[in-house]
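Undergrad: Just one file: structure_11.cif, with mmCIF, C-alpha atoms.
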```cif
data_entry
loop_
_atom_site.label_atom_id
_atom_site.label_comp_id
_atom_site.auth_asym_id
_atom_site.auth_seq_id
_atom_site.Cartn_x
_atom_site.Cartn_y
_atom_site.Cartn_z
CA MET A 177 168.58 190.40 141.95
CA PRO A 178 166.53 189.34 138.90
CA PRO A 179 163.59 191.53 137.96
CA GLN A 180 160.02 190.36 137.96
CA ASN A 181 158.94 188.72 134.74
CA THR A 182 155.20 188.41 134.28
CA SER A 183 155.55 185.87 131.49
CA ARG A 184 157.25 183.17 133.54
CA GLY A 185 154.62 180.56 132.81
CA SER A 186 156.78 178.18 130.82
CA LYS A 187 156.92 174.53 131.76
CA GLY A 188 159.39 173.77 134.51
CA MET A 189 159.73 177.39 135.67
CA VAL A 190 156.31 178.33 136.99
CA ASP A 191 155.82 181.51 138.99
CA CYS A 192 155.74 181.05 142.73
CA ALA A 193 154.53 182.84 145.79
CA SER A 194 156.72 185.04 147.96
CA VAL A 195 159.42 183.02 149.70
CA ALA A 196 161.35 184.08 152.77
CA ILE A 197 164.99 183.14 152.26
CA PRO A 198 167.10 183.10 155.42
CA THR A 199 170.35 185.00 155.14
CA VAL A 200 173.61 184.01 156.77
CA ASP A 201 172.96 186.20 159.82
CA GLY A 202 169.50 184.73 160.33
CA ASP A 203 167.39 187.53 158.80
CA SER A 204 165.04 186.89 155.91
CA ALA A 205 165.43 188.35 152.46
CA GLN A 206 162.22 188.40 150.44
CA ASP A 207 162.25 186.83 146.98
CA ALA A 208 162.74 189.62 144.47
CA ARG A 209 160.16 188.14 142.10
CA SER A 210 157.26 188.63 144.53
CA GLY A 211 155.41 191.80 143.73
CA THR A 212 156.31 194.30 141.04
CA ALA A 213 159.86 195.53 141.02
CA PRO A 214 160.28 199.26 140.40
CA HIS A 215 161.58 200.29 137.03
CA THR A 216 164.71 201.71 138.59
CA GLU A 217 165.45 198.38 140.28
CA ARG A 218 165.21 196.57 136.94
CA ASP A 219 167.53 199.12 135.37
CA GLU A 220 170.01 198.70 138.21
CA HIS A 221 169.95 194.93 137.78
CA THR A 222 170.56 195.19 134.04
CA ALA A 223 173.46 197.54 134.64
CA SER A 224 174.84 195.14 137.23
CA ALA A 225 174.65 192.27 134.73
CA ILE A 226 176.59 194.30 132.18
CA HIS A 227 179.16 195.24 134.81
CA ARG A 228 179.67 191.54 135.59
CA GLY A 229 180.45 190.84 131.96
CA GLY A 230 177.00 190.98 130.41
CA ALA A 231 174.95 188.13 129.05
CA PRO A 232 176.65 186.00 126.42
CA HIS A 233 175.26 185.76 122.93
CA PRO A 234 171.71 184.28 122.97
CA GLU A 235 172.98 181.19 121.15
CA THR A 236 175.10 180.37 124.22
CA HIS A 237 171.95 180.25 126.34
CA GLN A 238 170.16 178.00 123.88
CA ALA A 239 173.00 175.50 123.64
CA ASP A 240 172.90 172.14 125.35
CA GLY A 241 173.91 172.44 129.00
CA MET A 242 176.88 170.07 128.79
CA SER A 243 178.17 172.00 125.78
CA LEU A 244 178.44 175.01 128.06
CA VAL A 245 180.50 172.94 130.49
CA ARG A 246 182.83 171.95 127.67
CA GLN A 247 183.16 175.53 126.45
CA GLN A 248 183.82 176.76 129.98
CA LEU A 249 186.71 174.30 130.29
CA ARG A 250 188.15 175.35 126.92
CA ASP A 251 187.91 179.01 127.92
CA ARG A 252 190.15 178.23 130.87
CA GLY A 253 192.84 177.19 128.43
CA ILE A 254 192.39 173.43 128.85
CA SER A 255 193.26 171.53 125.68
CA ALA A 256 190.67 169.63 123.67
CA ALA A 257 192.17 166.33 124.84
CA GLY A 258 192.13 167.43 128.47
CA THR A 259 188.56 168.66 128.11
CA ASP A 260 187.48 165.30 126.71
CA ILE A 261 188.96 163.54 129.73
CA LEU A 262 187.32 165.95 132.18
CA MET A 263 183.97 165.61 130.42
CA ALA A 264 184.30 161.83 130.75
CA SER A 265 184.34 162.28 134.53
CA TRP A 266 180.59 162.75 134.28
CA ARG A 267 178.98 159.39 133.83
CA GLY A 268 176.16 159.21 131.35
CA SER A 269 173.55 159.04 134.10
CA THR A 270 175.03 162.10 135.84
CA ALA A 271 175.07 164.15 132.64
CA LYS A 272 171.47 163.08 132.00
CA GLN A 273 170.46 164.27 135.49
CA TYR A 274 172.31 167.58 135.19
CA ARG A 275 171.25 168.47 131.65
CA PRO A 276 167.64 169.63 132.32
CA HIS A 277 168.74 171.71 135.33
CA ILE A 278 171.54 173.37 133.35
CA ASN A 279 169.18 174.07 130.47
CA ARG A 280 166.67 175.66 132.86
CA TRP A 281 169.51 177.70 134.35
CA LEU A 282 170.43 178.97 130.88
CA GLN A 283 166.79 179.87 130.21
CA SER A 284 166.58 181.77 133.50
CA CYS A 285 169.80 183.66 132.80
CA ASN A 286 168.48 184.58 129.38
CA ARG A 287 165.36 186.11 130.95
CA TRP A 288 167.33 187.84 133.69
CA HIS A 289 169.97 189.15 131.24
CA ILE A 290 172.90 187.79 133.21
CA ASN A 291 175.97 185.77 132.32
CA PRO A 292 175.31 182.16 133.41
CA LEU A 293 178.95 181.75 134.44
CA THR A 294 179.18 184.90 136.57
CA PRO A 295 175.96 185.11 138.63
CA THR A 296 175.57 186.49 142.12
CA VAL A 297 174.59 184.28 145.04
CA THR A 298 171.16 185.96 144.85
CA ASP A 299 170.70 184.65 141.31
CA ILE A 300 171.66 181.15 142.41
CA VAL A 301 169.31 181.10 145.40
CA ASN A 302 166.45 182.46 143.29
CA PHE A 303 167.01 179.75 140.69
CA LEU A 304 167.07 177.04 143.35
CA SER A 305 163.93 178.54 144.87
CA ASP A 306 162.22 178.30 141.49
CA THR A 307 163.27 174.67 141.27
CA PHE A 308 161.90 173.99 144.76
CA HIS A 309 158.56 175.56 143.84
CA ARG A 310 158.19 173.24 140.89
CA GLY A 311 157.07 170.77 143.55
CA VAL A 312 160.14 168.53 143.45
CA GLY A 313 161.82 166.97 146.48
CA TYR A 314 165.08 167.72 148.24
CA ASP A 315 167.10 165.35 146.06
CA SER A 316 166.02 167.06 142.85
CA VAL A 317 166.83 170.55 144.19
CA ASN A 318 170.18 169.20 145.38
CA THR A 319 170.85 167.86 141.88
CA ALA A 320 170.22 171.36 140.54
CA ARG A 321 172.83 172.66 143.00
CA GLY A 322 175.31 170.05 141.79
CA ALA A 323 174.59 171.01 138.19
CA LEU A 324 175.48 174.64 138.88
CA SER A 325 178.67 173.60 140.67
CA SER A 326 179.61 171.50 137.64
CA LEU A 327 179.67 174.68 135.57
CA GLY A 328 182.63 175.87 137.63
CA ILE A 329 180.72 178.87 138.99
CA VAL A 330 182.55 180.58 141.87
CA VAL A 331 180.80 183.27 143.95
CA ASP A 332 182.50 185.20 146.75
CA GLY A 333 185.29 182.63 146.77
CA TYR A 334 182.91 179.64 147.10
CA ARG A 335 181.75 177.09 144.59
CA ALA A 336 178.15 177.77 143.59
CA GLY A 337 176.76 174.95 145.69
CA ASN A 338 178.92 175.59 148.76
CA HIS A 339 178.20 179.25 149.41
CA PRO A 340 177.04 179.80 153.04
CA LEU A 341 173.75 181.31 151.88
CA VAL A 342 173.10 178.34 149.60
CA SER A 343 173.92 175.93 152.43
CA ARG A 344 171.48 177.78 154.71
CA PHE A 345 168.85 177.61 151.97
CA PHE A 346 169.26 173.84 151.73
CA ARG A 347 168.86 173.34 155.45
CA ARG A 348 165.45 174.96 155.10
CA VAL A 349 164.62 172.89 152.01
CA PHE A 350 165.46 169.71 153.92
CA ASN A 351 163.19 170.74 156.79
CA LEU A 352 160.32 171.42 154.39
CA ARG A 353 160.82 168.35 152.18
CA PRO A 354 163.24 165.92 153.79
CA SER A 355 164.98 163.38 151.63
CA THR A 356 163.36 160.00 152.11
CA PRO A 357 164.11 156.60 150.59
CA ARG A 358 161.72 155.32 147.96
CA TYR A 359 160.65 152.33 150.04
CA ALA A 360 159.88 152.33 153.77
CA GLU A 361 159.54 148.55 153.71
CA THR A 362 160.28 145.73 151.32
CA TRP A 363 158.80 142.46 150.15
CA ASP A 364 159.67 139.05 151.55
CA VAL A 365 162.30 137.33 149.44
CA GLN A 366 160.71 133.98 150.32
CA LEU A 367 157.84 134.79 147.98
CA VAL A 368 160.21 135.01 145.02
CA LEU A 369 162.29 132.01 146.11
CA HIS A 370 159.15 129.90 146.25
CA GLN A 371 158.29 130.93 142.70
CA LEU A 372 161.82 130.21 141.45
CA ARG A 373 161.74 126.72 142.98
CA THR A 374 158.67 125.90 140.93
CA MET A 375 160.48 126.79 137.69
CA GLU A 376 162.03 123.34 137.31
CA PRO A 377 163.46 121.28 135.76
CA LEU A 378 165.63 123.70 133.82
CA CYS A 379 165.64 121.58 130.66
CA SER A 380 161.85 121.81 130.41
CA LEU A 381 161.59 125.57 130.84
CA SER A 382 160.88 127.81 127.89
CA LEU A 383 163.65 130.27 127.00
CA LYS A 384 161.55 133.05 128.49
CA GLU A 385 161.11 131.23 131.82
CA LEU A 386 164.80 130.33 131.92
CA THR A 387 165.78 133.94 131.21
CA LEU A 388 163.47 135.33 133.90
CA LYS A 389 164.75 132.86 136.48
CA LEU A 390 168.39 133.61 135.67
CA ALA A 391 167.93 137.38 135.81
CA MET A 392 166.23 137.23 139.22
CA LEU A 393 168.75 134.78 140.71
CA MET A 394 171.66 136.96 139.58
CA ALA A 395 170.00 140.09 140.96
CA LEU A 396 169.21 138.47 144.31
CA THR A 397 172.52 136.72 144.93
CA GLN A 398 174.57 139.81 144.10
CA ALA A 399 172.17 142.51 145.38
CA ALA A 400 172.75 143.76 141.85
CA ARG A 401 171.34 146.72 140.03
CA VAL A 402 169.79 146.34 136.60
CA GLN A 403 172.85 148.16 135.26
CA THR A 404 175.13 145.39 136.51
CA LEU A 405 173.13 142.67 134.76
CA HIS A 406 173.13 144.73 131.58
CA LEU A 407 176.94 144.99 131.59
CA LEU A 408 177.63 141.26 131.98
CA LEU A 409 179.65 139.86 129.06
CA LEU A 410 179.72 136.37 127.62
CA GLY A 411 183.31 136.58 126.41
CA ASP A 412 186.11 135.13 128.60
CA ILE A 413 183.54 133.72 131.02
CA ARG A 414 185.19 131.32 133.50
CA ILE A 415 183.14 128.31 134.47
CA ARG A 416 184.45 126.27 137.39
CA GLN A 417 182.94 123.53 139.51
CA ASP A 418 181.83 125.79 142.34
CA TYR A 419 181.66 129.22 140.73
CA ILE A 420 181.28 131.16 137.48
CA CYS A 421 183.14 134.44 136.87
CA VAL A 422 181.56 136.87 134.41
CA TRP A 423 183.35 140.02 133.23
CA LEU A 424 181.69 143.43 133.09
CA GLY A 425 181.63 145.57 129.96
CA GLY A 426 181.94 148.87 131.84
CA ASN A 427 181.90 150.58 135.21
CA ILE A 428 178.96 149.92 137.48
CA LYS A 429 177.49 152.73 139.57
CA GLN A 430 179.38 151.87 142.77
CA CYS A 431 182.77 151.78 141.05
CA ARG A 432 185.30 154.29 142.34
CA PRO A 433 189.12 154.50 142.41
CA LYS A 434 189.36 152.32 145.52
CA PHE A 435 186.53 149.96 144.52
CA ASN A 436 186.87 149.05 140.86
CA VAL A 437 184.75 146.00 140.08
CA ARG A 438 185.71 144.34 136.80
CA ALA A 439 183.92 140.99 137.16
CA VAL A 440 181.08 139.33 139.06
CA THR A 441 181.50 135.90 140.64
CA PHE A 442 178.44 133.70 141.05
CA LYS A 443 178.81 130.92 143.61
CA ALA A 444 177.20 127.48 143.26
CA TYR A 445 174.46 126.63 145.79
CA ALA A 446 174.56 122.89 146.52
CA LYS A 447 171.94 123.06 149.28
CA ASP A 448 169.16 123.57 146.75
CA CYS A 449 169.95 123.11 143.07
CA ARG A 450 166.61 124.70 142.19
CA LEU A 451 168.06 128.01 143.39
CA CYS A 452 171.58 127.57 142.06
CA VAL A 453 172.48 130.53 139.87
CA CYS A 454 175.44 128.64 138.38
CA GLU A 455 173.35 125.72 137.15
CA THR A 456 170.81 128.13 135.71
CA LEU A 457 173.53 130.16 134.00
CA LYS A 458 175.13 127.06 132.46
CA MET A 459 171.79 125.99 131.03
CA TYR A 460 171.15 129.50 129.71
CA ILE A 461 174.51 129.60 127.90
CA THR A 462 173.81 126.21 126.32
CA ARG A 463 170.28 127.15 125.24
CA THR A 464 171.32 130.48 123.71
CA GLU A 465 174.51 129.33 121.97
CA GLN A 466 172.82 128.67 118.64
CA LEU A 467 170.81 131.88 118.89
CA ARG A 468 173.90 134.08 118.98
CA SER A 469 174.83 133.59 115.34
CA GLY A 470 175.84 136.94 113.96
CA LEU A 471 176.59 138.31 117.43
CA ASP A 472 180.08 138.92 118.74
CA LYS A 473 180.46 136.14 121.31
CA GLU A 474 183.67 137.62 122.68
CA THR A 475 182.48 141.14 123.45
CA GLY A 476 178.73 140.57 123.32
CA THR A 477 176.46 140.85 126.34
CA LEU A 478 175.43 137.79 128.30
CA LEU A 479 171.71 138.49 128.28
CA ILE A 480 169.89 138.48 124.95
CA SER A 481 166.24 138.70 124.01
CA PHE A 482 164.22 135.48 124.25
CA ILE A 483 162.25 136.50 121.16
CA LYS A 484 163.55 136.81 117.62
CA PRO A 485 165.92 138.21 116.46
CA HIS A 486 167.55 137.50 119.89
CA LYS A 487 169.54 140.71 120.09
CA PRO A 488 171.23 142.19 123.18
CA VAL A 489 168.64 143.74 125.47
CA THR A 490 168.41 147.15 127.11
CA LYS A 491 168.33 147.93 130.81
CA ASP A 492 164.62 148.65 130.54
CA THR A 493 164.01 145.15 129.20
CA ILE A 494 165.93 143.56 132.09
CA ALA A 495 163.92 145.68 134.51
CA ARG A 496 160.71 144.35 132.94
CA TRP A 497 161.98 140.80 133.39
CA LEU A 498 162.53 141.37 137.11
CA ARG A 499 159.12 142.98 137.52
CA GLU A 500 157.55 140.00 135.75
CA VAL A 501 159.08 137.60 138.26
CA LEU A 502 157.88 139.80 141.11
CA ARG A 503 154.37 139.77 139.62
CA MET A 504 154.46 135.98 139.22
CA SER A 505 155.54 135.72 142.86
CA GLY A 506 152.62 137.78 144.14
CA VAL A 507 154.61 140.93 144.90
CA ASP A 508 152.78 144.21 144.30
CA THR A 509 154.49 145.57 141.18
CA GLU A 510 152.46 148.78 141.40
CA LYS A 511 154.42 149.55 144.54
CA TYR A 512 157.74 147.78 143.95
CA SER A 513 159.92 148.14 140.86
CA ALA A 514 162.95 146.21 139.65
CA GLY A 515 165.08 148.49 141.83
CA SER A 516 163.48 146.97 144.93
CA VAL A 517 165.36 143.68 144.44
CA ARG A 518 168.59 145.19 145.76
CA PRO A 519 167.19 146.44 149.12
CA ALA A 520 165.10 143.28 149.48
CA ALA A 521 168.19 141.06 149.13
CA ALA A 522 170.27 143.23 151.47
CA SER A 523 167.49 143.36 154.08
CA LYS A 524 167.09 139.57 153.95
CA ALA A 525 170.84 139.12 154.45
CA LYS A 526 170.77 141.38 157.50
CA ALA A 527 167.73 139.55 158.89
CA MET A 528 169.72 136.32 158.57
CA ALA A 529 172.49 137.85 160.72
CA VAL A 530 174.99 138.40 157.90
CA PRO A 531 177.59 140.90 159.18
CA ILE A 532 177.09 144.44 157.90
CA THR A 533 180.66 144.51 156.59
CA HIS A 534 179.91 141.51 154.36
CA ILE A 535 176.72 143.11 153.05
CA MET A 536 178.54 146.36 152.30
CA ALA A 537 181.34 144.52 150.52
CA LYS A 538 178.88 142.56 148.36
CA ALA A 539 176.85 145.63 147.38
CA GLY A 540 179.81 148.01 147.13
CA TRP A 541 178.74 150.52 149.77
CA SER A 542 181.47 152.56 151.44
CA LYS A 543 179.36 153.86 154.32
CA GLU A 544 177.21 151.89 156.71
CA ALA A 545 174.87 154.89 156.81
CA THR A 546 174.02 154.33 153.14
CA PHE A 547 172.81 150.81 153.89
CA ALA A 548 170.95 151.94 157.00
CA LYS A 549 169.13 154.75 155.17
CA TYR A 550 168.32 153.28 151.79
CA TYR A 551 168.54 149.49 151.96
CA ASP A 552 167.87 148.22 155.49
CA LYS A 553 164.09 147.80 155.24
CA GLU A 554 161.47 146.13 157.36
CA ILE A 555 160.41 142.96 155.58
CA VAL A 556 156.66 142.69 155.10
CA PRO A 557 155.70 139.20 156.36
CA GLU A 558 154.03 136.83 153.95
CA ARG A 559 151.25 136.18 156.46
CA ASP A 560 150.03 137.58 159.75
CA VAL A 561 151.05 134.83 162.19
CA PHE A 562 149.45 136.70 165.11
CA GLN A 563 146.08 136.86 163.40
CA GLU A 564 146.28 133.23 162.33
CA ALA A 565 147.08 132.18 165.88
CA VAL A 566 144.17 134.19 167.29
CA LEU A 567 141.64 132.94 164.76
CA GLN A 568 142.79 129.33 164.72
#
```
Go through the file and emit its structure as structure tokens.
TA:
Amino acid sequence: MPPQNTSRGSKGMVDCASVAIPTVDGDSAQDARSGTAPHTERDEHTASAIHRGGAPHPETHQADGMSLVRQQLRDRGISAAGTDILMASWRGSTAKQYRPHINRWLQSCNRWHINPLTPTVTDIVNFLSDTFHRGVGYDSVNTARGALSSLGIVVDGYRAGNHPLVSRFFRRVFNLRPSTPRYAETWDVQLVLHQLRTMEPLCSLSLKELTLKLAMLMALTQAARVQTLHLLLLGDIRIRQDYICVWLGGNIKQCRPKFNVRAVTFKAYAKDCRLCVCETLKMYITRTEQLRSGLDKETGTLLISFIKPHKPVTKDTIARWLREVLRMSGVDTEKYSAGSVRPAAASKAKAMAVPITHIMAKAGWSKEATFAKYYDKEIVPERDVFQEAVLQ
């Protein structure tokens, strides 16, 4: 078990009070870093670390976390080409989430004088306990567990994150800080639809207004993430009378071997042309055609900046566009972000009696529980009809 270190005041790894960690048989093992460990205990721990292979060279600890993953794969005899393919199994967002946890793990191992690839389950639980006492929620601690598992650590025949003691630890973490969705309720889509109806006729809108309207209509009609809008390509776009098919320039978050989305199809909405995403998209393509000089029209992104020099935009920019429409519609943007469009659209569809299977197919969810937990929200009414009836 790691010795006490009185200088553990660095950012992200603050010292914490004594924590009772339940063992597999139900007893509690006190955190080794509470109180002062005897000198002999520290010596025994150091000897144990050396017996397990010793700590690698300090440079290994200071390296980027994902570099350690790569080196660990190479040390197993996997070729450079095979390692590149395995490393590509981590999407950019996953690697970004894991990196700070792996780096903190390396820092901890450096202080504890242990090999980061051959820890004991005690080391793992103590690290996860430190992460918990940084004040983060269940999801963040769980991400730290996944980061350790990604290193290929095996303890007592179990992957680092699946050890019985670690599983028991996480049951307690969940009880103390249960995982909760970001939003308990969502805004009424009617507010935004009313605003979009006022943005007419399309030919008289500024490029900014046209861009904002298009981004929101695409997000609403597809229950799409910002990432999806960012990946839309202009090249090989298929425009038909009642639909427009736009190809994607990469994998979206919900893609998986049995659900590989390569294109997004936007359907025309004849009931109200003011809300027709196809008509808005056609106008946007026409208005931006002359602005794309110098850009690759075949592989270039669909959405470009409405200000000079009209370059492809980032995901953050698209998120700002969606928040701007929410603000214009009267939605509280201090509470709701661009990510709230997806649950708002899904919740509205369910309220309109759209079958759950259709909603799941549109959004790419594989489990109904995912929709129920994260996206099926109570819609905040635009007005209090009970109060209005009473006071009328």
Undergrad: Nearest to A:Leu502 among A:Arg250, A:Arg414, A:His370, A:Lys524, with distances taken over all atoms listed in the file: which residue is it?
TA: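 Closest to A:Leu502, using all atoms listed in the file: A:His370.
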Undergrad: To test your reading of the syntax: which residues would the PyMOL selection byres ((chain A and resi 494-499) around 8) return for the file shown? Reply as a list in words.
TA: Leu388, Ala391, Met392, Val402, Leu405, His406, Val489, Thr490, Lys491, Asp492, Thr493, Glu500, Val501, Leu502, Arg503, Thr509, Ser513, Ala514 and Gly515 of chain A
Undergrad: Can you measure atom CA of A:Arg287 to atom CA of A:Leu304 for me? One decimal in Å is fine.
TA: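 Distance reported for this atom pair: 15.5 Å.
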Undergrad: Report as a PyMOL selection string all protein, DNA and RNA residues lying within 10 Å of A:Thr456, evaluated on only C-alpha atoms, omitting residues in the same chain fewer than 6 positions from it.
TA: chain A and resi 378-379+386-387+389-391+393-394+444+449-450
Undergrad: Expand the PyMOL selection byres ((chain A and resi 416-424) around 7) into the individual residues it matches in the shown file, reporting them as an NGL selection string.
TA: :A and (407-409 or 413-415 or 425-426 or 438-444 or 454)
Undergrad: Please report the interatomic distance between atom CA of A:Glu385 and atom CA of A:Met528 in Å with one decimal.
TA: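 Pair atom CA of A:Glu385 / atom CA of A:Met528 returns 28.6 Å.
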Undergrad: A:Val349, A:Leu478, A:Leu282, A:Ala395: which is nearest A:Asp412, counting only C-alpha atoms?
TA: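 Of A:Val349, A:Leu478, A:Leu282, A:Ala395, the one nearest A:Asp412 is A:Leu478, counting only C-alpha atoms.
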Undergrad: So the first atom is atom CA of A:Asp315 and the second is atom CA of A:Ser355; what is the distance between them in Å, to one decimal place?
TA: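 Value for the atom CA of A:Asp315-atom CA of A:Ser355 distance: 6.3 Å.
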Undergrad: Using all atoms listed in the file, pick whichever of A:Gln366, A:Thr296, A:Ser469, A:Gln398 has the shortest atom-to-atom distance to A:Val330.
TA: A:Thr296
Undergrad: Taking (167.1, 162.5, 135.2) in the file's own coordinates, collect the residues within 12 Å, counting only C-alpha atoms, and hand them back as number ranges by chain.
TA: A: 268-278, 315-316, 319-320, 323
Undergrad: Compile the contact shell of A:Gly328 as a ChimeraX atom specification: residues with an atom at most 12 Å away, counting all atoms listed in the file, same-chain residues fewer than 2 positions apart removed.
TA: /A:244-249,251-252,292-295,321-326,330-331,333-338
Undergrad: Looking at A:Arg518, A:Phe350, A:Met504, A:Thr462, which one is nearest to A:Gln403, with distances taken over only C-alpha atoms?
TA: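 Result for the nearest residue to A:Gln403: A:Arg518.
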Undergrad: Nearest residue to A:Arg347 out of A:Ser481, A:Asn318, A:Gln371, A:Thr298, using all atoms listed in the file?
TA: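 Ranking A:Ser481, A:Asn318, A:Gln371, A:Thr298 by distance to A:Arg347, first place goes to A:Asn318.
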Undergrad: Name the closest residue to A:Leu369 among the candidates A:Leu410, A:Leu396, A:Asn302, A:Gln466; distances are taken between atoms, counting all atoms listed in the file.
TA: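 Nearest to A:Leu369: A:Leu396.
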